[in-house]
file target_31.txt (compact mmCIF, C-alpha atoms)
# COMPACT_ATOMS: atom_id res chain seq x y z
CA MET A 86 113.81 107.48 62.76
CA ALA A 87 110.79 105.57 61.50
CA ALA A 88 110.13 102.33 63.30
CA LYS A 89 107.84 99.71 61.79
CA ILE A 90 106.07 97.74 64.48
CA PRO A 91 105.34 94.14 63.49
CA THR A 92 102.01 92.54 64.23
CA PHE A 93 100.70 89.01 64.34
CA SER A 94 97.38 89.98 62.77
CA PRO A 95 96.58 91.70 59.44
CA PHE A 96 97.13 95.07 61.16
CA SER A 97 100.25 97.15 60.65
CA LEU A 98 101.54 100.33 62.20
CA ASN A 99 104.07 103.00 61.33
CA THR A 100 105.13 105.49 63.97
CA LYS A 101 108.07 107.71 64.87
CA THR A 102 110.13 107.10 67.97
CA LYS A 103 113.22 108.74 69.38
CA SER A 104 116.14 106.78 70.72
CA SER A 105 117.02 107.42 74.33
CA LYS A 106 120.53 107.65 75.70
CA SER A 107 119.50 107.70 79.35
CA LYS A 108 121.04 105.07 81.54
CA LEU A 109 118.79 102.12 82.23
CA HIS A 110 118.05 101.47 85.89
CA VAL A 111 116.68 97.97 86.30
CA ASN A 112 118.69 96.85 89.29
CA LYS A 113 115.52 96.82 91.40
CA LEU A 114 113.62 94.48 89.08
CA THR A 115 113.75 90.94 90.44
CA ILE A 116 112.06 88.43 88.16
CA ILE A 117 111.98 84.71 88.83
CA ALA A 118 110.73 82.44 86.08
CA SER A 119 107.73 80.26 86.88
CA LYS A 120 107.00 76.85 85.40
CA SER A 121 104.05 77.54 83.11
CA THR A 122 101.87 74.86 81.60
CA HIS A 123 100.83 77.23 78.80
CA PRO A 124 102.01 76.61 75.23
CA SER A 125 105.09 78.38 73.92
CA ILE A 126 104.66 81.25 71.46
CA ALA A 127 106.30 80.23 68.20
CA GLY A 128 108.52 82.70 66.39
CA ARG A 129 107.93 85.75 68.57
CA LYS A 130 107.65 87.06 72.14
CA LEU A 131 104.54 87.73 74.18
CA ARG A 132 103.20 91.14 73.18
CA ALA A 133 101.80 93.62 75.73
CA ALA A 134 100.13 97.01 75.38
CA VAL A 135 100.33 99.40 78.33
CA ILE A 136 97.72 102.15 78.08
CA GLY A 137 98.80 105.30 79.92
CA GLY A 138 102.30 106.69 80.42
CA GLY A 139 102.16 107.91 84.00
CA PRO A 140 104.09 106.32 86.87
CA ALA A 141 101.93 103.17 86.75
CA GLY A 142 102.14 102.62 83.01
CA SER A 143 105.81 103.53 82.64
CA SER A 144 106.84 101.28 85.53
CA ALA A 145 104.83 98.41 84.07
CA ALA A 146 106.34 98.95 80.62
CA GLU A 147 109.88 99.08 82.00
CA ALA A 148 109.41 95.81 83.88
CA LEU A 149 107.83 94.11 80.87
CA ALA A 150 110.45 95.24 78.36
CA ALA A 151 113.38 94.51 80.67
CA GLY A 152 111.94 91.02 81.23
CA GLY A 153 111.75 90.11 77.57
CA VAL A 154 108.14 90.95 76.67
CA GLU A 155 107.50 92.93 73.48
CA THR A 156 106.03 96.10 74.93
CA PHE A 157 104.08 99.07 73.55
CA LEU A 158 103.46 102.04 75.83
CA PHE A 159 100.65 104.40 74.77
CA GLU A 160 100.55 107.97 76.09
CA ARG A 161 98.23 110.64 74.75
CA ASN A 162 99.94 113.71 76.26
CA PRO A 163 103.21 115.28 75.11
CA PRO A 164 106.20 114.97 77.49
CA SER A 165 105.81 118.56 78.69
CA ALA A 166 102.12 118.21 79.63
CA ALA A 167 101.47 119.08 83.26
CA LYS A 168 99.71 116.48 85.36
CA PRO A 169 97.21 117.68 88.00
CA CYS A 170 98.83 116.35 91.16
CA GLY A 171 100.16 117.48 94.52
CA GLY A 172 103.45 115.84 93.62
CA ALA A 173 104.64 114.50 96.98
CA ILE A 174 106.46 111.15 97.01
CA PRO A 175 107.89 109.17 99.95
CA LEU A 176 111.62 108.93 100.56
CA CYS A 177 111.74 105.19 99.82
CA MET A 178 110.53 105.77 96.25
CA LEU A 179 113.70 107.66 95.34
CA ASP A 180 115.80 104.58 96.00
CA GLU A 181 113.35 101.85 95.05
CA PHE A 182 112.65 103.43 91.65
CA SER A 183 116.09 105.04 91.17
CA ILE A 184 114.66 108.57 90.93
CA PRO A 185 117.58 111.03 90.54
CA LEU A 186 117.64 113.87 93.03
CA HIS A 187 117.83 116.52 90.31
CA LEU A 188 114.17 115.78 89.51
CA VAL A 189 113.13 116.82 93.03
CA ASP A 190 112.00 120.45 93.29
CA ARG A 191 111.88 120.72 97.08
CA HIS A 192 113.14 118.72 100.04
CA VAL A 193 110.30 119.33 102.48
CA THR A 194 111.39 118.91 106.10
CA ARG A 195 108.58 120.90 107.72
CA MET A 196 104.88 120.17 107.57
CA ARG A 197 102.33 122.45 109.17
CA ILE A 198 98.70 121.46 109.65
CA PHE A 199 95.97 124.00 110.40
CA SER A 200 92.74 123.16 112.22
CA PRO A 201 89.30 124.57 111.31
CA SER A 202 89.88 127.28 113.94
CA ASN A 203 93.33 127.95 112.40
CA ILE A 204 95.34 126.40 115.22
CA ALA A 205 98.67 125.47 113.63
CA VAL A 206 100.75 122.43 114.55
CA ASP A 207 104.24 121.76 113.20
CA PHE A 208 104.26 118.21 111.92
CA GLY A 209 107.75 116.96 111.21
CA LYS A 210 109.78 117.50 114.35
CA THR A 211 110.83 113.83 114.42
CA LEU A 212 112.40 113.78 110.95
CA LYS A 213 116.05 112.78 110.91
CA SER A 214 118.70 114.92 109.22
CA ASN A 215 118.63 112.75 106.07
CA GLU A 216 114.84 112.48 105.86
CA PHE A 217 112.48 114.62 103.82
CA ILE A 218 109.37 114.51 101.66
CA ALA A 219 110.24 114.91 98.00
CA MET A 220 108.14 117.42 96.08
CA LEU A 221 108.27 117.28 92.30
CA ARG A 222 106.25 118.03 89.19
CA ARG A 223 104.45 115.15 87.54
CA GLU A 224 105.35 116.31 84.04
CA VAL A 225 109.04 115.98 85.00
CA LEU A 226 108.70 112.61 86.73
CA ASP A 227 106.46 111.08 84.07
CA SER A 228 108.72 112.13 81.21
CA PHE A 229 111.71 110.60 82.99
CA LEU A 230 109.94 107.28 83.67
CA ARG A 231 108.69 107.01 80.07
CA SER A 232 112.19 107.61 78.74
CA ARG A 233 113.52 104.90 81.01
CA ALA A 234 110.87 102.47 79.82
CA ALA A 235 111.97 103.23 76.26
CA SER A 236 115.58 102.58 77.25
CA ALA A 237 114.52 99.17 78.57
CA GLY A 238 113.11 98.36 75.13
CA ALA A 239 109.49 99.53 75.23
CA THR A 240 108.10 101.23 72.12
CA VAL A 241 106.49 104.51 73.19
CA ILE A 242 103.55 105.56 71.02
CA SER A 243 102.16 109.10 71.29
CA ALA A 244 98.51 108.43 70.62
CA LEU A 245 95.02 108.35 72.09
CA VAL A 246 93.62 104.87 72.65
CA THR A 247 89.94 104.99 71.67
CA ALA A 248 88.85 101.38 72.19
CA VAL A 249 89.98 97.88 73.14
CA ASP A 250 88.33 94.96 71.33
CA LEU A 251 88.06 91.79 73.39
CA PRO A 252 89.24 88.49 71.84
CA PRO A 253 86.74 85.91 70.56
CA SER A 254 88.69 83.03 72.16
CA PRO A 255 91.01 82.56 75.18
CA THR A 256 94.18 82.78 73.09
CA ALA A 257 93.09 85.22 70.38
CA PRO A 258 94.57 88.75 70.44
CA TYR A 259 93.13 91.93 71.90
CA THR A 260 92.89 94.78 69.38
CA ILE A 261 93.94 98.27 70.45
CA HIS A 262 92.34 101.10 68.45
CA TYR A 263 94.06 104.47 68.62
CA THR A 264 94.53 107.74 66.80
CA VAL A 265 97.78 109.58 66.12
CA GLN A 266 97.69 113.38 66.10
CA ASN A 267 93.88 113.19 66.29
CA THR A 268 93.85 112.21 62.63
CA TYR A 269 95.39 108.86 61.74
CA ARG A 270 93.51 105.80 62.93
CA ARG A 271 95.58 102.75 63.76
CA ARG A 272 95.13 99.41 65.46
CA LEU A 273 97.46 96.91 67.04
CA ALA A 274 96.96 93.30 68.12
CA VAL A 275 98.45 92.21 71.46
CA ASP A 276 98.33 89.30 73.90
CA VAL A 277 98.13 91.27 77.16
CA VAL A 278 96.72 94.67 78.06
CA ILE A 279 97.63 96.71 81.15
CA GLY A 280 95.30 99.60 81.85
CA ALA A 281 97.12 102.53 83.46
CA ASP A 282 94.86 105.20 81.99
CA GLY A 283 93.58 106.87 85.13
CA ALA A 284 90.32 107.09 87.04
CA ASN A 285 88.23 107.35 83.84
CA SER A 286 89.95 104.33 82.34
CA ARG A 287 88.78 103.23 78.89
CA VAL A 288 90.46 99.91 79.49
CA ALA A 289 88.42 99.38 82.67
CA LYS A 290 85.22 100.12 80.77
CA SER A 291 86.16 97.73 77.99
CA ILE A 292 86.32 94.78 80.42
CA GLY A 293 83.34 95.82 82.54
CA ALA A 294 85.49 96.47 85.61
CA GLY A 295 82.68 98.28 87.41
CA ASP A 296 82.34 101.77 88.79
CA TYR A 297 83.83 103.29 91.91
CA THR A 298 83.39 106.46 93.89
CA CYS A 299 85.68 109.27 92.77
CA ALA A 300 86.74 112.40 94.59
CA ILE A 301 87.57 115.55 92.67
CA ALA A 302 90.79 117.47 93.24
CA PHE A 303 91.16 121.09 92.19
CA GLN A 304 94.52 122.84 92.17
CA GLU A 305 95.99 126.17 91.14
CA ARG A 306 99.66 126.74 90.47
CA ILE A 307 100.70 130.18 91.67
CA ARG A 308 104.07 131.83 91.11
CA LEU A 309 104.96 133.90 94.17
CA PRO A 310 107.33 136.84 94.64
CA ASP A 311 110.73 135.71 95.89
CA GLU A 312 110.19 136.95 99.44
CA LYS A 313 106.94 134.97 99.76
CA MET A 314 108.32 131.90 98.02
CA ALA A 315 111.06 131.87 100.66
CA HIS A 316 108.38 131.03 103.24
CA TYR A 317 107.80 127.72 101.43
CA GLU A 318 111.49 126.91 100.92
CA ASN A 319 111.14 123.59 102.74
CA LEU A 320 107.60 123.88 104.11
CA ALA A 321 104.33 122.24 103.02
CA GLU A 322 101.00 123.19 104.57
CA MET A 323 97.75 121.27 105.07
CA TYR A 324 94.43 122.86 106.03
CA VAL A 325 91.41 121.00 107.40
CA GLY A 326 87.92 122.39 107.92
CA ASN A 327 84.55 122.37 106.21
CA ASP A 328 85.42 125.67 104.53
CA VAL A 329 88.14 123.93 102.48
CA SER A 330 86.67 120.41 102.31
CA PRO A 331 83.95 118.48 104.15
CA ASP A 332 85.83 115.18 103.87
CA PHE A 333 89.46 115.83 102.87
CA TYR A 334 91.99 118.64 103.23
CA GLY A 335 93.42 121.63 101.42
CA TRP A 336 97.12 122.04 100.71
CA VAL A 337 99.93 124.38 99.76
CA PHE A 338 102.83 122.37 98.32
CA PRO A 339 106.03 124.07 97.11
CA LYS A 340 107.44 123.41 93.62
CA CYS A 341 110.51 124.67 91.81
CA ASP A 342 109.35 128.28 91.29
CA HIS A 343 105.71 128.24 92.43
CA VAL A 344 103.28 126.69 94.91
CA ALA A 345 100.40 124.33 94.24
CA VAL A 346 97.29 125.40 96.16
CA GLY A 347 94.40 122.97 96.10
CA THR A 348 91.70 120.91 97.76
CA GLY A 349 89.68 117.75 97.20
CA THR A 350 86.29 116.31 98.08
CA VAL A 351 83.96 113.38 97.51
CA ARG A 352 80.79 114.80 99.03
CA SER A 353 80.78 118.26 97.46
CA LYS A 354 82.21 117.81 93.99
CA GLN A 355 79.76 120.30 92.53
CA GLY A 356 81.02 122.93 94.96
CA ILE A 357 84.73 122.35 94.40
CA LYS A 358 85.35 125.91 93.19
CA LEU A 359 83.75 127.29 96.34
CA LEU A 360 86.02 125.04 98.44
CA GLN A 361 89.02 126.22 96.42
CA ARG A 362 88.02 129.76 97.29
CA GLY A 363 88.05 128.62 100.93
CA ILE A 364 91.67 127.44 100.81
CA ARG A 365 92.71 130.61 98.98
CA ASP A 366 91.04 132.68 101.71
CA ARG A 367 92.95 130.76 104.39
CA VAL A 368 96.31 131.48 102.75
CA ARG A 369 95.51 134.89 101.28
CA ASP A 370 98.25 136.78 103.13
CA LYS A 371 100.86 134.22 102.03
CA ILE A 372 99.98 134.24 98.33
CA ASN A 373 98.99 137.87 97.75
CA GLY A 374 100.93 139.26 94.81
CA GLY A 375 101.28 135.83 93.23
CA LYS A 376 100.56 135.11 89.57
CA LEU A 377 98.19 132.31 88.62
CA ILE A 378 99.96 130.20 86.01
CA LYS A 379 97.76 127.11 85.75
CA VAL A 380 94.38 125.75 86.90
CA GLU A 381 93.83 121.99 86.92
CA ALA A 382 91.31 119.45 88.15
CA HIS A 383 91.18 115.68 88.08
CA PRO A 384 89.25 112.71 89.53
CA ILE A 385 90.74 110.63 92.34
CA PRO A 386 89.46 107.07 92.96
CA GLU A 387 88.21 106.46 96.48
CA HIS A 388 88.57 102.68 96.57
CA PRO A 389 89.71 99.80 94.32
CA ARG A 390 87.49 98.80 91.42
CA PRO A 391 85.28 95.74 91.82
CA VAL A 392 87.27 94.06 89.01
CA ARG A 393 90.99 94.66 88.48
CA VAL A 394 91.82 91.61 86.36
CA ARG A 395 89.71 90.02 83.65
CA GLY A 396 91.05 87.70 81.01
CA ARG A 397 94.52 88.90 80.01
CA VAL A 398 93.78 92.49 81.05
CA ALA A 399 94.99 94.01 84.33
CA LEU A 400 94.41 97.45 85.84
CA VAL A 401 97.06 99.37 87.78
CA GLY A 402 97.41 102.79 89.44
CA ASP A 403 94.37 105.08 89.45
CA ALA A 404 92.64 102.82 86.91
CA ALA A 405 92.64 100.10 89.58
CA GLY A 406 91.75 102.53 92.37
CA TYR A 407 95.06 102.55 94.24
CA VAL A 408 94.86 105.90 96.03
CA THR A 409 94.94 105.95 99.81
CA LYS A 410 92.22 107.51 101.89
CA CYS A 411 93.17 110.12 104.50
CA SER A 412 96.33 111.25 102.67
CA GLY A 413 95.23 110.96 99.02
CA GLU A 414 98.60 109.46 98.10
CA GLY A 415 98.77 107.79 94.71
CA ILE A 416 102.12 108.24 92.94
CA TYR A 417 104.07 105.60 94.84
CA PHE A 418 101.24 103.07 94.69
CA ALA A 419 100.80 103.71 90.98
CA ALA A 420 104.48 103.00 90.22
CA LYS A 421 104.55 100.04 92.60
CA SER A 422 101.43 98.41 91.17
CA GLY A 423 102.75 98.89 87.63
CA ARG A 424 106.03 97.21 88.50
CA VAL A 425 104.34 94.33 90.37
CA CYS A 426 102.00 93.74 87.44
CA GLY A 427 104.77 93.95 84.84
CA ASN A 428 106.89 91.49 86.80
CA ALA A 429 103.87 89.19 87.12
CA VAL A 430 103.46 89.01 83.35
CA VAL A 431 107.17 88.35 82.85
CA LYS A 432 107.22 85.61 85.46
CA ALA A 433 104.07 83.87 84.27
CA SER A 434 105.18 83.99 80.62
CA GLU A 435 108.73 82.84 81.43
CA GLY A 436 110.27 85.96 79.99
CA GLY A 437 107.76 86.39 77.19
CA LEU A 438 108.07 82.87 75.80
CA LYS A 439 104.62 81.55 76.75
CA MET A 440 101.01 82.68 76.73
CA ILE A 441 99.42 83.64 80.05
CA ASP A 442 95.84 83.71 81.33
CA GLU A 443 93.67 85.32 84.00
CA HIS A 444 94.74 82.84 86.67
CA ASP A 445 98.37 83.89 86.18
CA LEU A 446 97.54 87.56 86.67
CA ARG A 447 95.48 86.85 89.76
CA ARG A 448 98.19 84.67 91.29
CA GLU A 449 101.28 86.70 90.41
CA TYR A 450 99.78 90.20 90.59
CA LEU A 451 96.58 90.54 92.62
CA LYS A 452 97.49 88.03 95.31
CA ILE A 453 100.85 89.71 95.93
CA TRP A 454 99.43 93.24 95.82
CA ASP A 455 96.46 92.57 98.08
CA GLY A 456 98.60 90.68 100.56
CA GLU A 457 100.96 93.63 100.86
CA TYR A 458 98.64 96.64 100.86
CA THR A 459 95.00 95.79 101.61
CA SER A 460 95.37 96.28 105.37
CA MET A 461 97.05 99.66 104.91
CA PHE A 462 94.33 100.92 102.59
CA ARG A 463 91.60 99.78 104.97
CA PHE A 464 93.28 101.37 107.98
CA LEU A 465 93.62 104.73 106.22
CA ASP A 466 90.00 104.48 105.14
CA LEU A 467 89.06 104.06 108.80
CA LEU A 468 91.15 107.07 109.83
CA GLN A 469 89.47 109.23 107.20
CA ARG A 470 86.01 108.27 108.40
CA VAL A 471 86.95 108.99 112.01
CA PHE A 472 88.79 112.29 111.59
CA TYR A 473 87.42 113.95 108.44
CA GLY A 474 83.70 113.73 109.21
CA SER A 475 83.22 117.06 110.98
CA ASN A 476 85.04 120.17 112.11
CA ALA A 477 85.12 118.81 115.66
CA ALA A 478 86.87 115.66 114.46
CA LYS A 479 89.36 117.75 112.49
CA GLU A 480 90.19 119.77 115.58
CA ALA A 481 90.90 116.46 117.34
CA LEU A 482 93.11 115.35 114.44
CA VAL A 483 95.25 118.48 114.60
CA GLU A 484 95.57 118.16 118.37
CA LEU A 485 96.85 114.60 117.97
CA CYS A 486 99.33 115.71 115.32
CA GLY A 487 101.13 117.73 117.97
CA ASP A 488 102.20 114.53 119.74
CA GLU A 489 105.78 113.63 118.76
CA TYR A 490 105.15 109.89 119.02
CA VAL A 491 102.23 110.20 116.59
CA GLN A 492 104.50 112.16 114.26
CA ARG A 493 107.25 109.56 114.41
CA MET A 494 104.92 106.67 113.70
CA THR A 495 103.22 108.58 110.89
CA PHE A 496 106.39 109.63 109.11
CA GLU A 497 108.12 106.27 109.44
CA SER A 498 105.11 104.56 107.91
CA TYR A 499 104.78 107.15 105.15
CA LEU A 500 108.43 107.58 104.22
CA TYR A 501 109.29 103.87 104.09
CA LYS A 502 105.91 102.29 103.29
CA LYS A 503 106.04 99.79 106.11
CA LEU A 504 104.41 99.64 109.50
CA ALA A 505 106.52 101.52 111.99
CA LYS A 506 107.63 99.58 115.07
CA GLY A 507 106.08 101.13 118.13
CA ARG A 508 106.51 100.67 121.88
CA VAL A 509 103.73 99.08 123.88
CA LEU A 510 103.46 101.82 126.49
CA ASP A 511 103.65 104.60 123.92
CA ASP A 512 101.06 102.85 121.76
CA ALA A 513 98.72 102.62 124.74
CA LYS A 514 99.29 106.28 125.51
CA MET A 515 98.58 107.20 121.88
CA VAL A 516 95.29 105.29 122.00
CA MET A 517 94.29 107.04 125.22
CA ASN A 518 95.22 110.44 123.79
CA THR A 519 93.15 109.67 120.70
CA ILE A 520 90.15 108.73 122.82
CA GLY A 521 90.65 111.83 124.93
CA SER A 522 90.73 114.11 121.89
CA LEU A 523 87.62 112.50 120.46
CA VAL A 524 85.75 112.78 123.75
CA LYS A 525 86.79 116.42 124.14
CA CYS A 526 85.42 117.12 120.68
CA ASN A 527 82.18 115.20 121.38
CA ILE A 528 82.82 112.62 118.68
CA LEU A 529 83.16 109.30 120.47
CA GLY A 530 79.45 109.00 121.16
CA ARG A 531 78.65 108.61 117.47
CA LYS A 532 77.34 105.34 116.14
CA MET A 533 80.35 103.12 115.50
CA GLU A 534 78.88 100.73 112.96
CA GLY A 535 79.89 103.14 110.19
CA LEU A 536 83.53 102.64 111.18
CA ILE A 537 83.68 98.92 110.47
CA ILE A 538 86.46 98.24 107.96
call {"tool": "encode", "arguments": {"input": "target_31.txt", "output": "structure tokens"}}
result
Amino acid sequence: MAAKIPTFSPFSLNTKTKSSKSKLHVNKLTIIASKSTHPSIAGRKLRAAVIGGGPAGSSAAEALAAGGVETFLFERNPPSAAKPCGGAIPLCMLDEFSIPLHLVDRHVTRMRIFSPSNIAVDFGKTLKSNEFIAMLRREVLDSFLRSRAASAGATVISALVTAVDLPPSPTAPYTIHYTVQNTYRRRLAVDVVIGADGANSRVAKSIGAGDYTCAIAFQERIRLPDEKMAHYENLAEMYVGNDVSPDFYGWVFPKCDHVAVGTGTVRSKQGIKLLQRGIRDRVRDKINGGKLIKVEAHPIPEHPRPVRVRGRVALVGDAAGYVTKCSGEGIYFAAKSGRVCGNAVVKASEGGLKMIDEHDLRREYLKIWDGEYTSMFRFLDLLQRVFYGSNAAKEALVELCGDEYVQRMTFESYLYKKLAKGRVLDDAKMVMNTIGSLVKCNILGRKMEGLII
């Protein structure tokens, strides 16, 4: 079916889209109209372009389209393209984003963390019978979320965005330049742009959003014989040590019919293949006989960009820098930031009826996001600097992970994305145990000014 997309500039576009019969899940989208002083848009709705069709972009597009904004979602990769990602999501995301269970490859109920000296600690003893970490493939999740955005009314365009032209005046349109099938050049004029195009975001560059430090993650997908795959039926493994990463961790995460084996680093990006060899050496006996089916690498932002909103452009997900330190988690925060930003545009524009500006995006998006998550990101940054700096610190980390109270607090915070409620005496004991582990590993005497948040 050919769909002609109207424009409000001399530009026109013809593209092919497929209708989706999937059920629309928008019960979680709560949008309250604001009283805008901006002029109404005559004869049309506010028009938004979302660049990038991952969890951030698809969630933004769904919220925009469901709220009445004319929405165009650009994605360069085909639906079956594999995304380089560990693929773990917290339990709360399944409900909050209505993710069907059939998309989940593995229900991980056992985590095992290995110290530099290969001391293993089971990390997950406090999980309840209905609790688990969902492991899935990004190509499956992303395809589902894009289809749902289309069901909400977004027009999905399979194309590579090559440039974004800034408007000459506060109310003039942005121009999106893109190519279809690497051949046909097109352009589209829009009122609002949401950049969800990853760590190397073209949208971020177009608005001068500034640079940020990026880690590099390297991962191999390995199909194991059935008897070895059974070992990872509901088990995920983490490895710490300078042999696998000087400042992060290595992992073995189970998927539907294979495992993802990988590592990440900020400090030694040039030596990432050597570090990958280190994690493979650690798990050699468990993966021997496996078949390598895919090798992938990708950048991971280490902190938010200096600028995340400029004019009528907002950045979400990896493009904004929303990946947590210590754990490297990004999928939930990508989807959440996309939804918050999409809802912000809908609210400020009164359902797509009025123009918005930078102040609206800062008030309805950044203020809400920063108020909810800044403290969490800073705390995890502190933990990474304390525990990932040396092998001695990593030994202390693994020792602490054996404490059941630490496990309970960690999993409650991770699974439900809210600060777990502790007990005063247990909290005091946890602090003392932490200090004891650090002292035992000769870490506490380090200069502390580097640990200021």
call {"tool": "closest_residue", "arguments": {"input": "target_31.txt", "among": "A:Ala134, A:Ala148, A:Val154, A:Val430", "to": "Val288 (chain A)", "atoms": "all atoms listed in the file"}}
result
A:Ala134
call {"tool": "atom_distance", "arguments": {"input": "target_31.txt", "atom1": "CA of Ala150 (chain A)", "atom2": "CA of Gly423 (chain A)"}}
result
12.6 Å
call {"tool": "residues_around", "arguments": {"input": "target_31.txt", "residues": "Ala127 (chain A)", "least_positions_apart": "6", "cutoff": "12 Å", "atoms": "only C-alpha atoms", "output": "PyMOL selection string"}}
result
chain A and resi 93+437-440
call {"tool": "residues_near_point", "arguments": {"input": "target_31.txt", "point": "(91.4, 127.3, 103.4)", "cutoff": "10 Å", "atoms": "all atoms listed in the file", "output": "ChimeraX atom specification"}}
result
/A:199-201,203,323-330,334-337,346-348,360-369
call {"tool": "atom_distance", "arguments": {"input": "target_31.txt", "atom1": "CA of His192 (chain A)", "atom2": "CA of Ala219 (chain A)"}}
result
5.2 Å
call {"tool": "closest_residue", "arguments": {"input": "target_31.txt", "among": "A:Pro175, A:Trp454, A:Thr264, A:Gly138", "to": "Ser498 (chain A)", "atoms": "all atoms listed in the file"}}
result
A:Pro175
call {"tool": "closest_residue", "arguments": {"input": "target_31.txt", "among": "A:Phe333, A:Arg397, A:Thr298, A:Pro164", "to": "Phe472 (chain A)", "atoms": "only C-alpha atoms"}}
result
A:Phe333
call {"tool": "atom_distance", "arguments": {"input": "target_31.txt", "atom1": "CA of Tyr501 (chain A)", "atom2": "CA of Phe182 (chain A)"}}
result
12.9 Å
call {"tool": "closest_atom_pairs", "arguments": {"input": "target_31.txt", "of": "region 327-420 of chain A", "to": "region 221-239 of chain A", "cutoff": "10 Å", "atoms": "all atoms listed in the file", "output": "JSON lines"}}
result
{"residue": "A:Phe338", "atom": "CA", "partner": "A:Leu221", "partner_atom": "CA", "distance": 9.6}
{"residue": "A:Pro339", "atom": "CA", "partner": "A:Leu221", "partner_atom": "CA", "distance": 8.6}
{"residue": "A:Lys340", "atom": "CA", "partner": "A:Leu221", "partner_atom": "CA", "distance": 6.3}
{"residue": "A:Cys341", "atom": "CA", "partner": "A:Leu221", "partner_atom": "CA", "distance": 7.7}
{"residue": "A:Ala345", "atom": "CA", "partner": "A:Arg222", "partner_atom": "CA", "distance": 10.0}
{"residue": "A:Ile416", "atom": "CA", "partner": "A:Arg223", "partner_atom": "CA", "distance": 9.1}
{"residue": "A:Ala420", "atom": "CA", "partner": "A:Leu230", "partner_atom": "CA", "distance": 9.5}
call {"tool": "residues_near_point", "arguments": {"input": "target_31.txt", "point": "(108.1, 137.9, 92.3)", "cutoff": "12 Å", "atoms": "all atoms listed in the file", "output": "list in words"}}
result
Ile307, Arg308, Leu309, Pro310, Asp311, Glu312, Lys313, Met314, Ala315, Asp342, His343, Ile372, Asn373, Gly374, Gly375, Lys376 and Leu377 of chain A
call {"tool": "closest_residue", "arguments": {"input": "target_31.txt", "among": "A:Cys426, A:Ala167, A:Ala257, A:Val189", "to": "Gly139 (chain A)", "atoms": "only C-alpha atoms"}}
result
A:Ala167
call {"tool": "closest_residue", "arguments": {"input": "target_31.txt", "among": "A:Tyr458, A:Tyr473, A:Tyr317, A:Tyr407", "to": "Lys503 (chain A)", "atoms": "all atoms listed in the file"}}
result
A:Tyr458
call {"tool": "closest_residue", "arguments": {"input": "target_31.txt", "among": "A:Leu212, A:Leu400, A:Ala302, A:Ile385", "to": "Val135 (chain A)", "atoms": "all atoms listed in the file"}}
result
A:Leu400
call {"tool": "residues_around", "arguments": {"input": "target_31.txt", "residues": "Ser475 (chain A)", "least_positions_apart": "4", "cutoff": "9 Å", "atoms": "all atoms listed in the file", "output": "list in words"}}
result
Gly326, Asn327, Pro331, Asp332, Val471, Lys479, Glu480 and Ile528 of chain A
call {"tool": "write_last_selection", "arguments": {"input": "target_31.txt", "atoms": "C-alpha atoms", "output": "tab-separated table (two decimals), in the frame of the given file"}}
result
chain	number	residue	atom	x	y	z
A	326	GLY	CA	87.92	122.39	107.92
A	327	ASN	CA	84.55	122.37	106.21
A	331	PRO	CA	83.95	118.48	104.15
A	332	ASP	CA	85.83	115.18	103.87
A	471	VAL	CA	86.95	108.99	112.01
A	479	LYS	CA	89.36	117.75	112.49
A	480	GLU	CA	90.19	119.77	115.58
A	528	ILE	CA	82.82	112.62	118.68
call {"tool": "residues_around", "arguments": {"input": "target_31.txt", "residues": "Gly295 (chain A)", "least_positions_apart": "3", "cutoff": "9 Å", "atoms": "only C-alpha atoms", "output": "JSON, numbers by chain"}}
result
{"A": [289, 290, 292, 390, 391, 392]}
call {"tool": "build_atoms", "arguments": {"input": "target_31.txt", "residues": "region 396-404 of chain A", "atoms": "N, CA and C atoms", "output": "short mmCIF file (atom, residue, chain, number, x, y, z; two decimals), keeping the file's coordinate frame"}}
result
data_model
loop_
_atom_site.label_atom_id
_atom_site.label_comp_id
_atom_site.auth_asym_id
_atom_site.auth_seq_id
_atom_site.Cartn_x
_atom_site.Cartn_y
_atom_site.Cartn_z
N GLY A 396 90.36 88.25 82.17
CA GLY A 396 91.05 87.70 81.01
C GLY A 396 92.53 88.00 81.10
N ARG A 397 93.10 88.52 80.03
CA ARG A 397 94.52 88.90 80.01
C ARG A 397 94.67 90.42 80.09
N VAL A 398 93.74 91.04 80.83
CA VAL A 398 93.78 92.49 81.05
C VAL A 398 93.89 92.75 82.55
N ALA A 399 94.80 93.63 82.93
CA ALA A 399 94.99 94.01 84.33
C ALA A 399 94.98 95.52 84.44
N LEU A 400 94.44 96.02 85.55
CA LEU A 400 94.41 97.45 85.84
C LEU A 400 95.41 97.79 86.93
N VAL A 401 96.07 98.92 86.79
CA VAL A 401 97.06 99.37 87.78
C VAL A 401 96.85 100.86 88.05
N GLY A 402 97.47 101.36 89.12
CA GLY A 402 97.41 102.79 89.44
C GLY A 402 95.99 103.27 89.68
N ASP A 403 95.71 104.51 89.26
CA ASP A 403 94.37 105.08 89.45
C ASP A 403 93.30 104.26 88.75
N ALA A 404 93.63 103.63 87.63
CA ALA A 404 92.64 102.82 86.91
C ALA A 404 92.15 101.67 87.78
#
